[in-house]
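Taking it in order: structure first as structure tokens, then the write-up.
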Amino acid sequence: MSNPPFGFGFGSGDSNSGDSNSGQNPFDMNSIGAALQQLGAFLQNAGTSGSTGPVNWEMVRDIARQQLAGPDAGGDPVVADAQARAVTEAVHLADVWLDEATVLPATAGAPLAWSRSQWLEQTLPMWQRYVEPIALHMQQVVGGAMPNAADMSGMDSEALNAALPEQFRAMFPGGVPAEMMSMIQPMLGMAQQLGAAAFSMQLGNALAALAQEVVSAGDIGIPLLPAATCAILLRNAEQLGEGIGVDASDVRLYLALRESAHQRLFSHVPWLRARMIGAIEEYARGIRVDPERLQEVMSEVDLSDPQALQELMSSGLLQPQDTGEQRAAIARLETLLALVEGWVDDVVSVAAGARLPTAQALQETMRRRRAAGGPAERTFSSLVGMDLRPRALREAATLFAAVRSTGGIEARDALWVHPDMLPDAEDLADPLGFLERSSGPLDLGSPDEG
């Protein structure tokens, strides 16, 4: 028999307990009130009392900030003025080098040096846009397994018993007594709130983990900030250099090259940002809860344990639909991510040249890092079902380099004039064939013309 949810216990059935009805009604009435109070206190302490959406973003922010300030993360110190000046100088030098490596001009935004918490705060609005539809679907699917209060109001005991999930039916083998209906309704309402709270907790932990890994505003490859926002997370950048034995100033300059190139592309290719966001949202709409997996884990999880619920949310419930449309959406997103990363990779290679001896080692580190994904990225992917890795990054970089070698940086950058001119997944697999099929160098004109 399944364990009763929310820690609701059964009576002992001991005839010496003083309860003359214990043999006929093994359900412990006292435990319901205690469990409801416990669950209500948990939800209130978690900050869900005023939240009705699938994600409590205040909770996400609070949990993430607590994680970042905690001892496991080593704290989150404020960026010093000297560190901010070092980033500004690195970006200014990077822009001088990039002017020779791309026809896309520098952006007008001021360089920023961020702490991890600053990255979290500034990116939350876009995470909300990406994650909310997925969380809403999860809430609808999980909530759909339970009758809502309006449905219950007109049910008799037999109908209600049939509508309840298996865990609840196990609590009432003889049918739900009429006097129990008023107590079951808040139980079901709290169950949905608890699911939202568990998802919010897990999302807060996942974003905190990401904040400890990303090194710049454009590091993940998707739009998370307003255009022309050039930012570097100094502490993470320093840790990246320590891991490969590269001086901090070289790491700063290399990341400034990548970040500035990334922002030039998104700022001066007017259709790119909307197309990338649209590709992510199209992909997100196709994320679905695996119903068989849901049924399996719901029969085993202890719903009274918040930690168990968080593990449930990150256990691979969310998966892309296996349909032609969703496979096409995934391919479009992966290709677009690879094209952006591949172009940035080639532009930075040209800009750094022989000026930065450590550039090749840093390039290989960044390629492996983006292609494989770190622990935090894998956690986030498992939670929301979205894999944001550019799988064909090396192929895209090779293609852009081939176009540049035959037609110069003008021909390479001209591919961004219109989305129809960009290589597709087949082109990435056959760069030489793409060159043969292309009509040759094109006049880019104004980089801000779409």
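To be explicit about the labels: the chains of the structure tokens are called A, B, and onward in the order shown, and within each one the residues are counted from 1, while ligands get numbers from 1 in the order they are shown.
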
Might you pull out every residue within 9 Å of A:Asp387, with only C-alpha atoms counted and same-chain residues fewer than 2 positions away left off, and present them as a PyMOL selection string? chain A and resi 330+334+377-378+380-382+384-385+389-390

Contact residues around A:Ser200 with only C-alpha atoms at 7 Å, ignoring same-chain residues under 5 positions, as an MDAnalysis selection string: chainID A and resid 55:56 59:60

For A:Arg367, please output as a ChimeraX atom specification all residues within 8 Å (counting only C-alpha atoms; exclusion window: fewer than 3 positions along the same chain). /A:363-364,370-371,393-394

My list of candidates is A:Arg437, A:Val87, A:Ala392, A:Ser260. Which is closest to A:Arg368 when distances are computed with only C-alpha atoms?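 Going through A:Arg437, A:Val87, A:Ala392, A:Ser260 one by one, the smallest distance to A:Arg368 is for A:Ala392.
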
For atom CA of A:Ala352 and atom CA of A:Pro423, determine how far apart the two atoms are, in Å to one decimal place.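 Those two atoms sit 25.1 Å apart.
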
Determine the nearest neighbour of A:Pro223 from the options A:Ile134, A:Leu388, A:Ala248, A:Ala80, counting only C-alpha atoms. A:Leu388

Selection near A:Val347, 12 Å with only C-alpha atoms, sequence-local residues under 5 positions removed, as an mmCIF file with N, CA and C atoms, in the first residue's frame:
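Okay, around.cif is ready:
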data_model
loop_
_atom_site.group_PDB
_atom_site.id
_atom_site.type_symbol
_atom_site.label_atom_id
_atom_site.label_comp_id
_atom_site.auth_asym_id
_atom_site.auth_seq_id
_atom_site.Cartn_x
_atom_site.Cartn_y
_atom_site.Cartn_z
ATOM 1 N N ALA A 94 39.785 45.159 -25.970
ATOM 2 C CA ALA A 94 39.147 44.148 -26.815
ATOM 3 C C ALA A 94 38.429 44.789 -27.994
ATOM 4 N N ASP A 95 37.767 45.910 -27.770
ATOM 5 C CA ASP A 95 37.054 46.587 -28.858
ATOM 6 C C ASP A 95 38.014 47.089 -29.934
ATOM 7 N N TRP A 97 40.830 45.667 -30.770
ATOM 8 C CA TRP A 97 41.218 44.483 -31.535
ATOM 9 C C TRP A 97 40.062 43.987 -32.408
ATOM 10 N N LEU A 98 38.859 44.018 -31.875
ATOM 11 C CA LEU A 98 37.702 43.507 -32.620
ATOM 12 C C LEU A 98 37.371 44.370 -33.834
ATOM 13 N N ASP A 99 37.694 45.640 -33.786
ATOM 14 C CA ASP A 99 37.423 46.507 -34.939
ATOM 15 C C ASP A 99 38.132 46.009 -36.195
ATOM 16 N N GLU A 100 39.219 45.268 -36.019
ATOM 17 C CA GLU A 100 39.953 44.717 -37.151
ATOM 18 C C GLU A 100 39.461 43.326 -37.532
ATOM 19 N N ALA A 101 38.592 42.739 -36.708
ATOM 20 C CA ALA A 101 38.195 41.346 -36.907
ATOM 21 C C ALA A 101 36.756 41.181 -37.370
ATOM 22 N N THR A 102 35.958 42.254 -37.329
ATOM 23 C CA THR A 102 34.559 42.189 -37.755
ATOM 24 C C THR A 102 34.113 43.557 -38.235
ATOM 25 N N VAL A 103 33.148 43.558 -39.153
ATOM 26 C CA VAL A 103 32.595 44.833 -39.630
ATOM 27 C C VAL A 103 31.520 45.352 -38.690
ATOM 28 N N LEU A 104 31.079 44.529 -37.748
ATOM 29 C CA LEU A 104 30.065 44.975 -36.791
ATOM 30 C C LEU A 104 30.720 45.886 -35.757
ATOM 31 N N TYR A 254 40.522 37.870 -22.692
ATOM 32 C CA TYR A 254 39.892 36.908 -23.599
ATOM 33 C C TYR A 254 38.376 36.918 -23.431
ATOM 34 N N LEU A 257 36.942 39.929 -25.072
ATOM 35 C CA LEU A 257 36.822 39.738 -26.521
ATOM 36 C C LEU A 257 35.551 38.963 -26.858
ATOM 37 N N ARG A 258 35.326 37.866 -26.162
ATOM 38 C CA ARG A 258 34.137 37.049 -26.418
ATOM 39 C C ARG A 258 32.851 37.820 -26.109
ATOM 40 N N GLU A 259 32.841 38.471 -24.974
ATOM 41 C CA GLU A 259 31.631 39.173 -24.554
ATOM 42 C C GLU A 259 31.310 40.329 -25.493
ATOM 43 N N SER A 260 32.313 41.099 -25.863
ATOM 44 C CA SER A 260 32.079 42.232 -26.757
ATOM 45 C C SER A 260 31.652 41.754 -28.140
ATOM 46 N N ALA A 261 32.259 40.674 -28.634
ATOM 47 C CA ALA A 261 31.852 40.123 -29.930
ATOM 48 C C ALA A 261 30.407 39.644 -29.876
ATOM 49 N N HIS A 262 30.053 38.980 -28.794
ATOM 50 C CA HIS A 262 28.685 38.489 -28.613
ATOM 51 C C HIS A 262 27.696 39.646 -28.623
ATOM 52 N N ARG A 264 28.132 42.673 -29.903
ATOM 53 C CA ARG A 264 28.097 43.292 -31.229
ATOM 54 C C ARG A 264 27.124 42.547 -32.137
ATOM 55 N N LEU A 265 27.183 41.241 -32.083
ATOM 56 C CA LEU A 265 26.316 40.446 -32.957
ATOM 57 C C LEU A 265 24.849 40.669 -32.623
ATOM 58 N N VAL A 340 25.859 31.206 -33.471
ATOM 59 C CA VAL A 340 26.296 32.346 -32.657
ATOM 60 C C VAL A 340 27.656 32.055 -32.034
ATOM 61 N N GLU A 341 27.784 30.881 -31.409
ATOM 62 C CA GLU A 341 29.039 30.537 -30.752
ATOM 63 C C GLU A 341 30.169 30.373 -31.762
ATOM 64 N N GLY A 342 29.863 29.785 -32.916
ATOM 65 C CA GLY A 342 30.892 29.591 -33.932
ATOM 66 C C GLY A 342 31.401 30.902 -34.496
ATOM 67 N N ALA A 352 42.383 38.050 -31.517
ATOM 68 C CA ALA A 352 43.483 37.740 -30.601
ATOM 69 C C ALA A 352 44.771 37.481 -31.369
ATOM 70 N N GLY A 353 44.668 36.664 -32.428
ATOM 71 C CA GLY A 353 45.830 36.376 -33.256
ATOM 72 C C GLY A 353 47.034 35.995 -32.424
ATOM 73 N N GLN A 363 40.595 29.283 -25.790
ATOM 74 C CA GLN A 363 39.578 28.917 -26.775
ATOM 75 C C GLN A 363 39.163 27.459 -26.616
ATOM 76 N N ALA A 397 32.242 27.004 -36.209
ATOM 77 C CA ALA A 397 33.473 27.799 -36.238
ATOM 78 C C ALA A 397 34.285 27.490 -37.487
ATOM 79 N N THR A 398 34.337 26.216 -37.862
ATOM 80 C CA THR A 398 35.064 25.826 -39.072
ATOM 81 C C THR A 398 34.438 26.448 -40.307
ATOM 82 N N PHE A 400 32.536 29.247 -40.547
ATOM 83 C CA PHE A 400 32.767 30.698 -40.595
ATOM 84 C C PHE A 400 34.221 31.007 -40.964
ATOM 85 N N ALA A 401 35.153 30.198 -40.467
ATOM 86 C CA ALA A 401 36.559 30.401 -40.822
ATOM 87 C C ALA A 401 36.780 30.143 -42.307
ATOM 88 N N ARG A 404 35.485 33.093 -44.252
ATOM 89 C CA ARG A 404 36.414 34.218 -44.096
ATOM 90 C C ARG A 404 37.666 34.030 -44.944
ATOM 91 N N GLY A 408 36.883 36.906 -46.917
ATOM 92 C CA GLY A 408 37.204 37.942 -45.952
ATOM 93 C C GLY A 408 36.149 38.057 -44.861
ATOM 94 N N ILE A 409 36.413 38.940 -43.893
ATOM 95 C CA ILE A 409 35.479 39.096 -42.784
ATOM 96 C C ILE A 409 34.150 39.669 -43.263
ATOM 97 N N GLU A 410 34.162 40.415 -44.384
ATOM 98 C CA GLU A 410 32.918 40.978 -44.914
ATOM 99 C C GLU A 410 31.968 39.867 -45.346
ATOM 100 N N ARG A 412 32.003 36.721 -44.321
ATOM 101 C CA ARG A 412 31.566 35.975 -43.129
ATOM 102 C C ARG A 412 30.442 36.703 -42.405
ATOM 103 N N ASP A 413 30.617 38.007 -42.182
ATOM 104 C CA ASP A 413 29.614 38.765 -41.443
ATOM 105 C C ASP A 413 28.356 39.003 -42.267
#

Near-stretch 280-286 of chain A list (7 Å; only C-alpha atoms; drop same-chain fewer than 3 positions) as number ranges by chain: A: 130, 134, 276-277, 320-321, 326, 329-330, 333

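In terms of minimum interatomic distance to A:Arg116, A:Leu207 ranks closest within A:Val246, A:Leu207, A:Val251, A:Leu225, counting only C-alpha atoms.
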
One decimal, in Å: what's the spacing between atom CA of A:Pro226 and atom CA of A:Thr123?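 Result for atom CA of A:Pro226 versus atom CA of A:Thr123: 9.3 Å, one decimal.
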
Give me, as a PyMOL selection string, the residues of stretch 211-439 of chain A that a backbone DSSP run labels helix (DSSP H, G or I). chain A and resi 211+234-244+248-268+272-285+291-298+306-313+324-352+359-372+375-384+393-414+419-421+425-429+431-437

Separation of atom CA of A:Gln212 and atom CA of A:Gln239, in Å?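 Atom CA of A:Gln239 lies 9.8 Å from atom CA of A:Gln212.
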
Would you list the contacts of A:Leu233 as a VMD selection string, taking every protein, DNA or RNA residue within 7 Å and counting only C-alpha atoms, but skipping same-chain residues closer than 3 positions in sequence? chain A and resid 113 to 116 215 to 216 236 to 237
